[in-house]
Protein chains: 2
Amino acid sequence: MTFGARYATALAERGRLCAGIDPHASLLLDWGLNDDLAGLERFALTAVEGLAPYVPVVKPQSAFYERFGSRGVAVLERVIAESKAAGALVLLDIKRGDIGSTSQAYADAYLDPASPLGSDAVTVSPYLGFGSLMPFVETATKFDAGLFVLALTSNKEGPEVQHATVEDGRSVGQVMLDHLRRLNEAETPLGSFGAVVGATIETTGARSGGELARPSAPSEGVSERSEHGADGAGVAYDFGFNGPILAPGFGEQGGTPADLARIFGAANANVVASTSRGLLRKGPDVAALRDEALRLRDELG
Amino acid sequence: MTFGARYATALAERGRLCAGIDPHASLLLDWGLNDDLAGLERFALTAVEGLAPYVPVVKPQSAFYERFGSRGVAVLERVIAESKAAGALVLLDIKRGDIGSTSQAYADAYLDPASPLGSDAVTVSPYLGFGSLMPFVETATKFDAGLFVLALTSNKEGPEVQHATVEDGRSVGQVMLDHLRRLNEAETPLGSFGAVVGATIETTGARSGGELARPSAPSEGVSERSEHGADGAGVAYDFGFNGPILAPGFGEQGGTPADLARIFGAANANVVASTSRGLLRKGPDVAALRDEALRLRDELG
């Protein structure tokens with residue numbers, strides 16, 4: 001069963017919340033733990049226990065494990081295994097990207113289920129061009145895994161690259177979405193190749209150069225297009241690429257269910273909204289973590 | 001002593017070869033090793049023994065260690081420690097890039113000398129905008145470490161993003177070089193914030209859209225500019241940003257010392273040329289590794 005199919009099933013059964021399993025140093029302290037390897041392990045496995053049985057997708061952020069070196073990565077291996085055992089899809093947030101045999105090595109590390117770090121899907125970064133990610137695409141296809149390619153992020157620095165334009169006038173972000181459309185076009189119910197698109201991208205509607213966004217224009221009929229204000233002309237993004245969408249920035253970072261509906265239109269059905277700190281702050285009580293996850297799930301509809 | 005100063009000293013003392021410590025599966029087999037954790041460890045530590053005492057910079061590619069999970073990362077920790085002990089600067093090739101507290105976590109993992117993976121410098125990827133890398137910049141400054149930001153790579157897929165243009169007409173790649181210039185401008189003898197620029201970028205002179213490059217135009221006087229053919233107009237890159245330059249693609253991938261001189265002009269003095277497979281294939285004999293490194297050093301001048 002392809003990742004796209006598994007993802008669609010998971011959303012139908014468990015809703016649309018993606019739970020970040022992110023052991024920030026500040027959260028360890030909030031939970032009364034030390035900022036050390038034992039604290040990391042306790043935090044991460046508690047978060048898995050409280051969240052992975054209830055959400056469709058968990059998203060561990062690798063950076064917070066790598067911070068503790070190889071022993072932190074060993075904790076990440078347990079997080080992946082225990083999350084899978086609890087029935088969640090594991091989207092490992094690694095934002096890797098390289099070329100040729102190096103991309104292949106990353107794909108082998110993170111998408112082969114026989115690897116200690118093998119996950120259901122990973123995030124990847126296309127600064128070296130979408131085509132540099134083909135070893136990930138091929139390996140994902142081989143193992144029924146998925147990818148989420150960075151396309152349009154919500155951070156204020158993102159437009160410098162993501163709104164730059166290629167010769168035919170498209171933005172780099174849209175170019176990535178168009179590549180995904182081609183990869184997913186023959187797939188039902190959904191392709192396995194997704195995008196990362198911030199839940200608050202309207203705040204970055206400015207083109208590289210720093211203008212503030214205009215409020216988004218009303219959608220025009222077919223609503224998989226989102227119009228962003230930018231230098232008076234509006235930059236249109238087309239999210240109808242028949243693939244999963246990870247929308248970080250939900251909850252504490254300001255994104256609301258109404259934002260998701262407006263930004264993604266019909267493609268909103270393929271979105272998981274990701275939240276981390278606001279949710280994890282409910283710990284270390286596992287019932288409190290679960291209850292907050294279920295509340296956010298219901299809020300997302 | 002800043003990374004920039006240490007880098008300049010290392011190049012003056014040891015030449016300009018950067019040795020990749022890349023345990024490709026195919027190389028393990030070439031060396032008569034199994035493609036397993038024991039083979040990885042044997043390969044990597046032998047390469048360090050043969051190369052780290054002689055080259056200014058070693059560049060382990062993290063992907064090939066991550067492929068073996070946390071136990072592979074533990075081998076990488078040894079590679080870093082033993083390379084430093086042998087007097088080489090360790091440029092860990094991780095191509096990480098994220099935002100905010102996640103970028104900070106990566107910076108803590110890889111630039112803090114107290115971390116098990118703490119290195120002299122790392123490669124970073126700016127798809128989320130150069131500004132998203134500021135936690136790396138600040139942490140590098142704090143610990144006298146360095147960065148190499150992906151700017152212009154030699155792979156054929158790279159121009160799609162790197163040649164896209166921002167509002168003032170600059171390419172994304174040049175935007176990255178200009179950010180580096182600002183970070184490095186007050187530094188002597190050299191700033192600590194470098195770029196990754198392929199030794200064969202002329203082959204990607206085409207703009208996004210796929211045209212082949214024209215041969216590079218003759219340089220015009222001041223030679224820190226490199227003119228690349230693209231749609232008849234030529235795309236000029238300015239490498240005079242007063243920082244280190246990592247040029248992958250030397251040797252087996254086709255880059256020559258003449259290419260480096262032509263592409264980088266006066267900035268060529270700040271370039272380390274990186275090679276991996278062609279060099280590593282000389283192993284497992286440590287004397288043969290050393291001799292090939294010294295031969296390539298002399299070839300680079």
# chains A, B, ... in the order shown; residues from 1 in each chain; ligands from 1

$ select_by_dssp --residues "stretch 11-245 of chain B" --states "helix (DSSP H, G or I)" --output "JSON, numbers by chain"
{"B": [11, 12, 13, 14, 25, 26, 27, 28, 29, 30, 37, 38, 39, 40, 41, 42, 43, 44, 45, 46, 47, 48, 49, 50, 51, 63, 64, 65, 66, 69, 70, 71, 72, 73, 74, 75, 76, 77, 78, 79, 80, 81, 82, 83, 84, 85, 100, 101, 102, 103, 104, 105, 106, 107, 108, 109, 110, 111, 130, 131, 132, 133, 134, 135, 136, 137, 138, 139, 140, 141, 142, 143, 159, 160, 161, 162, 172, 173, 174, 175, 176, 177, 178, 179, 180, 181, 182, 183, 184, 201, 202, 203, 204]}

$ select_by_dssp --residues "stretch 31-201 of chain B" --states "strand (DSSP E or B)" --output "MDAnalysis selection string"
chainID B and resid 57:61 89:96 121:124 146:152 165 171 193:197

$ write_last_selection --atoms "N, CA and C atoms" --output "CSV table (one decimal), in the first residue's frame"
chain,number,residue,atom,x,y,z
B,57,VAL,N,42.0,20.2,5.2
B,57,VAL,CA,40.6,20.0,5.5
B,57,VAL,C,40.2,18.6,5.1
B,58,VAL,N,39.5,17.9,6.1
B,58,VAL,CA,38.8,16.7,5.7
B,58,VAL,C,37.3,17.0,5.7
B,59,LYS,N,36.6,16.3,4.9
B,59,LYS,CA,35.2,16.5,4.8
B,59,LYS,C,34.4,15.2,4.8
B,60,PRO,N,34.1,14.8,6.0
B,60,PRO,CA,33.2,13.6,6.1
B,60,PRO,C,31.8,13.9,5.6
B,61,GLN,N,31.2,13.0,4.8
B,61,GLN,CA,29.9,13.2,4.3
B,61,GLN,C,29.0,12.4,5.3
B,89,LEU,N,41.5,20.4,9.8
B,89,LEU,CA,40.2,21.1,10.0
B,89,LEU,C,39.1,20.1,9.6
B,90,VAL,N,38.1,20.0,10.4
B,90,VAL,CA,37.0,19.1,10.0
B,90,VAL,C,35.8,19.9,9.5
B,91,LEU,N,35.5,19.8,8.2
B,91,LEU,CA,34.3,20.4,7.6
B,91,LEU,C,33.3,19.2,7.4
B,92,LEU,N,32.3,19.2,8.3
B,92,LEU,CA,31.4,18.1,8.2
B,92,LEU,C,30.3,18.5,7.2
B,93,ASP,N,30.1,17.6,6.2
B,93,ASP,CA,29.2,17.9,5.2
B,93,ASP,C,27.8,17.4,5.6
B,94,ILE,N,26.9,18.3,6.0
B,94,ILE,CA,25.6,17.9,6.5
B,94,ILE,C,24.5,18.6,5.8
B,95,LYS,N,24.8,19.7,5.1
B,95,LYS,CA,23.8,20.5,4.4
B,95,LYS,C,22.5,20.6,5.1
B,96,ARG,N,22.6,20.9,6.4
B,96,ARG,CA,21.4,21.2,7.2
B,96,ARG,C,20.9,22.6,7.0
B,121,ALA,N,33.7,23.3,11.0
B,121,ALA,CA,32.8,23.9,10.1
B,121,ALA,C,31.8,22.9,9.6
B,122,VAL,N,30.7,23.4,9.1
B,122,VAL,CA,29.7,22.5,8.5
B,122,VAL,C,29.1,23.2,7.2
B,123,THR,N,28.6,22.4,6.3
B,123,THR,CA,27.8,22.9,5.2
B,123,THR,C,26.4,23.1,5.6
B,124,VAL,N,25.8,24.2,5.1
B,124,VAL,CA,24.4,24.5,5.4
B,124,VAL,C,23.6,24.8,4.1
B,146,GLY,N,33.1,27.7,11.5
B,146,GLY,CA,32.8,28.3,10.2
B,146,GLY,C,31.6,27.6,9.6
B,147,LEU,N,31.1,28.2,8.5
B,147,LEU,CA,30.0,27.7,7.7
B,147,LEU,C,30.4,27.7,6.2
B,148,PHE,N,29.9,26.8,5.5
B,148,PHE,CA,29.9,26.8,4.0
B,148,PHE,C,28.5,26.7,3.5
B,149,VAL,N,28.0,27.8,3.0
B,149,VAL,CA,26.6,27.9,2.6
B,149,VAL,C,26.5,27.4,1.1
B,150,LEU,N,25.6,26.5,0.8
B,150,LEU,CA,25.4,26.1,-0.6
B,150,LEU,C,25.0,27.4,-1.4
B,151,ALA,N,25.8,27.6,-2.5
B,151,ALA,CA,25.5,28.8,-3.3
B,151,ALA,C,25.2,28.3,-4.7
B,152,LEU,N,26.3,27.9,-5.4
B,152,LEU,CA,26.2,27.5,-6.8
B,152,LEU,C,26.8,26.1,-7.0
B,165,THR,N,15.8,34.2,-10.2
B,165,THR,CA,16.2,35.6,-10.0
B,165,THR,C,15.2,36.3,-9.0
B,171,SER,N,20.8,36.5,-9.2
B,171,SER,CA,20.4,35.1,-9.1
B,171,SER,C,20.4,34.8,-7.6
B,193,PHE,N,32.8,32.8,7.0
B,193,PHE,CA,31.6,32.3,6.4
B,193,PHE,C,31.8,32.1,4.9
B,194,GLY,N,31.8,30.8,4.5
B,194,GLY,CA,32.2,30.4,3.2
B,194,GLY,C,31.0,30.0,2.3
B,195,ALA,N,31.3,29.6,1.1
B,195,ALA,CA,30.4,29.1,0.2
B,195,ALA,C,30.8,27.8,-0.5
B,196,VAL,N,29.8,27.1,-0.9
B,196,VAL,CA,30.0,25.9,-1.7
B,196,VAL,C,29.7,26.3,-3.1
B,197,VAL,N,30.8,26.2,-4.0
B,197,VAL,CA,30.6,26.6,-5.4
B,197,VAL,C,31.3,25.5,-6.2

$ closest_atom_pairs --of "chain B" --to "chain A" --cutoff "8 Å" --atoms "only C-alpha atoms" --output "Markdown table"
| residue | atom | partner | partner_atom | distance |
| --- | --- | --- | --- | --- |
| B:His24 | CA | A:Ser101 | CA | 7.9 |
| B:Gln61 | CA | A:Thr102 | CA | 7.9 |
| B:Ala63 | CA | A:Tyr106 | CA | 5.3 |
| B:Phe64 | CA | A:Ala105 | CA | 5.8 |
| B:Glu66 | CA | A:Ala109 | CA | 6.1 |
| B:Arg67 | CA | A:Ala109 | CA | 4.0 |
| B:Phe68 | CA | A:Ala109 | CA | 6.8 |
| B:Gly69 | CA | A:Pro116 | CA | 5.4 |
| B:Ser70 | CA | A:Ser70 | CA | 4.9 |
| B:Arg71 | CA | A:Ser70 | CA | 6.7 |
| B:Gly72 | CA | A:Ser70 | CA | 7.9 |
| B:Val73 | CA | A:Ser70 | CA | 5.1 |
| B:Ala74 | CA | A:Ser70 | CA | 5.1 |
| B:Glu77 | CA | A:Ser70 | CA | 7.7 |
| B:Lys95 | CA | A:Arg96 | CA | 7.0 |
| B:Arg96 | CA | A:Arg96 | CA | 6.6 |
| B:Gly97 | CA | A:Lys95 | CA | 7.0 |
| B:Asp98 | CA | A:Lys95 | CA | 7.5 |
| B:Ile99 | CA | A:Asn155 | CA | 7.3 |
| B:Ser101 | CA | A:His24 | CA | 7.9 |
| B:Thr102 | CA | A:Ala63 | CA | 6.2 |
| B:Ser103 | CA | A:Ala63 | CA | 7.8 |
| B:Ala105 | CA | A:Ala63 | CA | 5.6 |
| B:Tyr106 | CA | A:Ala63 | CA | 5.3 |
| B:Asp108 | CA | A:Arg67 | CA | 6.2 |
| B:Ala109 | CA | A:Arg67 | CA | 4.0 |
| B:Tyr110 | CA | A:Arg67 | CA | 7.7 |
| B:Ser115 | CA | A:Gly69 | CA | 7.0 |
| B:Pro116 | CA | A:Gly69 | CA | 5.4 |
| B:Leu117 | CA | A:Gly69 | CA | 5.9 |
| B:Ser125 | CA | A:Tyr127 | CA | 6.8 |
| B:Pro126 | CA | A:Tyr127 | CA | 6.9 |
| B:Tyr127 | CA | A:Tyr127 | CA | 5.2 |
| B:Leu128 | CA | A:Gly158 | CA | 4.5 |
| B:Gly129 | CA | A:Gly158 | CA | 4.6 |
| B:Phe130 | CA | A:Glu157 | CA | 6.8 |
| B:Gly131 | CA | A:Glu157 | CA | 5.4 |
| B:Ser132 | CA | A:Glu157 | CA | 6.0 |
| B:Leu150 | CA | A:Tyr127 | CA | 8.0 |
| B:Thr153 | CA | A:Leu128 | CA | 7.1 |
| B:Asn155 | CA | A:Ile99 | CA | 7.3 |
| B:Glu157 | CA | A:Gly129 | CA | 4.8 |
| B:Gly158 | CA | A:Leu128 | CA | 4.4 |
| B:Pro159 | CA | A:Gly129 | CA | 6.9 |
| B:Glu160 | CA | A:Gly129 | CA | 5.6 |
| B:Val161 | CA | A:Gly129 | CA | 5.8 |
| B:Gln162 | CA | A:Tyr127 | CA | 7.2 |
| B:His163 | CA | A:Val166 | CA | 7.5 |
| B:Ala164 | CA | A:Val166 | CA | 4.7 |
| B:Thr165 | CA | A:Ala164 | CA | 5.1 |
| B:Val166 | CA | A:Ala164 | CA | 4.7 |
| B:Glu167 | CA | A:Ser208 | CA | 6.4 |
| B:Val172 | CA | A:Val161 | CA | 6.3 |
| B:Arg207 | CA | A:Glu167 | CA | 7.4 |
| B:Ser208 | CA | A:Val166 | CA | 5.8 |
| B:Gly209 | CA | A:Glu167 | CA | 6.5 |

$ closest_residue --among "B:Arg277, B:Arg6, B:Arg297, B:Arg78" --to "B:Ala44" --atoms "only C-alpha atoms"
B:Arg78

$ closest_residue --among "B:Asp36, B:Glu138, B:Glu252, B:Glu13" --to "B:Thr200" --atoms "only C-alpha atoms"
B:Glu252

$ atom_distance --atom1 "atom CA of B:Met1" --atom2 "atom CA of B:Phe143"
9.6 Å

$ atom_distance --atom1 "atom CA of A:Leu280" --atom2 "atom CA of A:Arg42"
13.0 Å

$ residues_around --residues "B:Val286" --least-positions-apart "6" --cutoff "7 Å" --atoms "only C-alpha atoms" --output "compact mmCIF listing (two decimals) with N, CA, C and O atoms, in the first residue's frame"
# COMPACT_ATOMS: atom_id res chain seq x y z
N THR B 46 40.65 4.23 8.59
CA THR B 46 41.83 4.08 7.72
C THR B 46 42.02 5.32 6.85
O THR B 46 43.14 5.82 6.68
N GLU B 49 43.46 8.02 8.90
CA GLU B 49 44.89 7.79 9.17
C GLU B 49 45.74 8.16 7.95
O GLU B 49 46.81 8.76 8.09
N GLY B 50 45.25 7.84 6.77
CA GLY B 50 46.03 8.11 5.56
C GLY B 50 45.99 9.56 5.10
O GLY B 50 46.90 10.00 4.39

$ residues_around --residues "A:Pro53" --least-positions-apart "4" --cutoff "8 Å" --atoms "only C-alpha atoms" --output "ChimeraX atom specification"
/A:48-49,83,86-88

$ write_last_selection --atoms "C-alpha atoms" --output "CSV table (one decimal), in the first residue's frame"
chain,number,residue,atom,x,y,z
A,48,VAL,CA,5.1,9.2,21.9
A,49,GLU,CA,3.1,7.4,24.6
A,83,SER,CA,5.5,5.5,17.1
A,86,ALA,CA,1.3,2.8,18.2
A,87,GLY,CA,-0.2,3.1,14.7
A,88,ALA,CA,1.0,6.5,13.7

$ residues_around --residues "A:Leu183" --least-positions-apart "6" --cutoff "9 Å" --atoms "only C-alpha atoms" --output "number ranges by chain"
A: 137, 191-193, 241

$ atom_distance --atom1 "atom CA of A:Gly251" --atom2 "atom CA of A:Gln174"
25.3 Å

$ closest_residue --among "A:Gly283, A:Gly301, A:Gly249, A:Gly265" --to "A:Pro23" --atoms "only C-alpha atoms"
A:Gly283
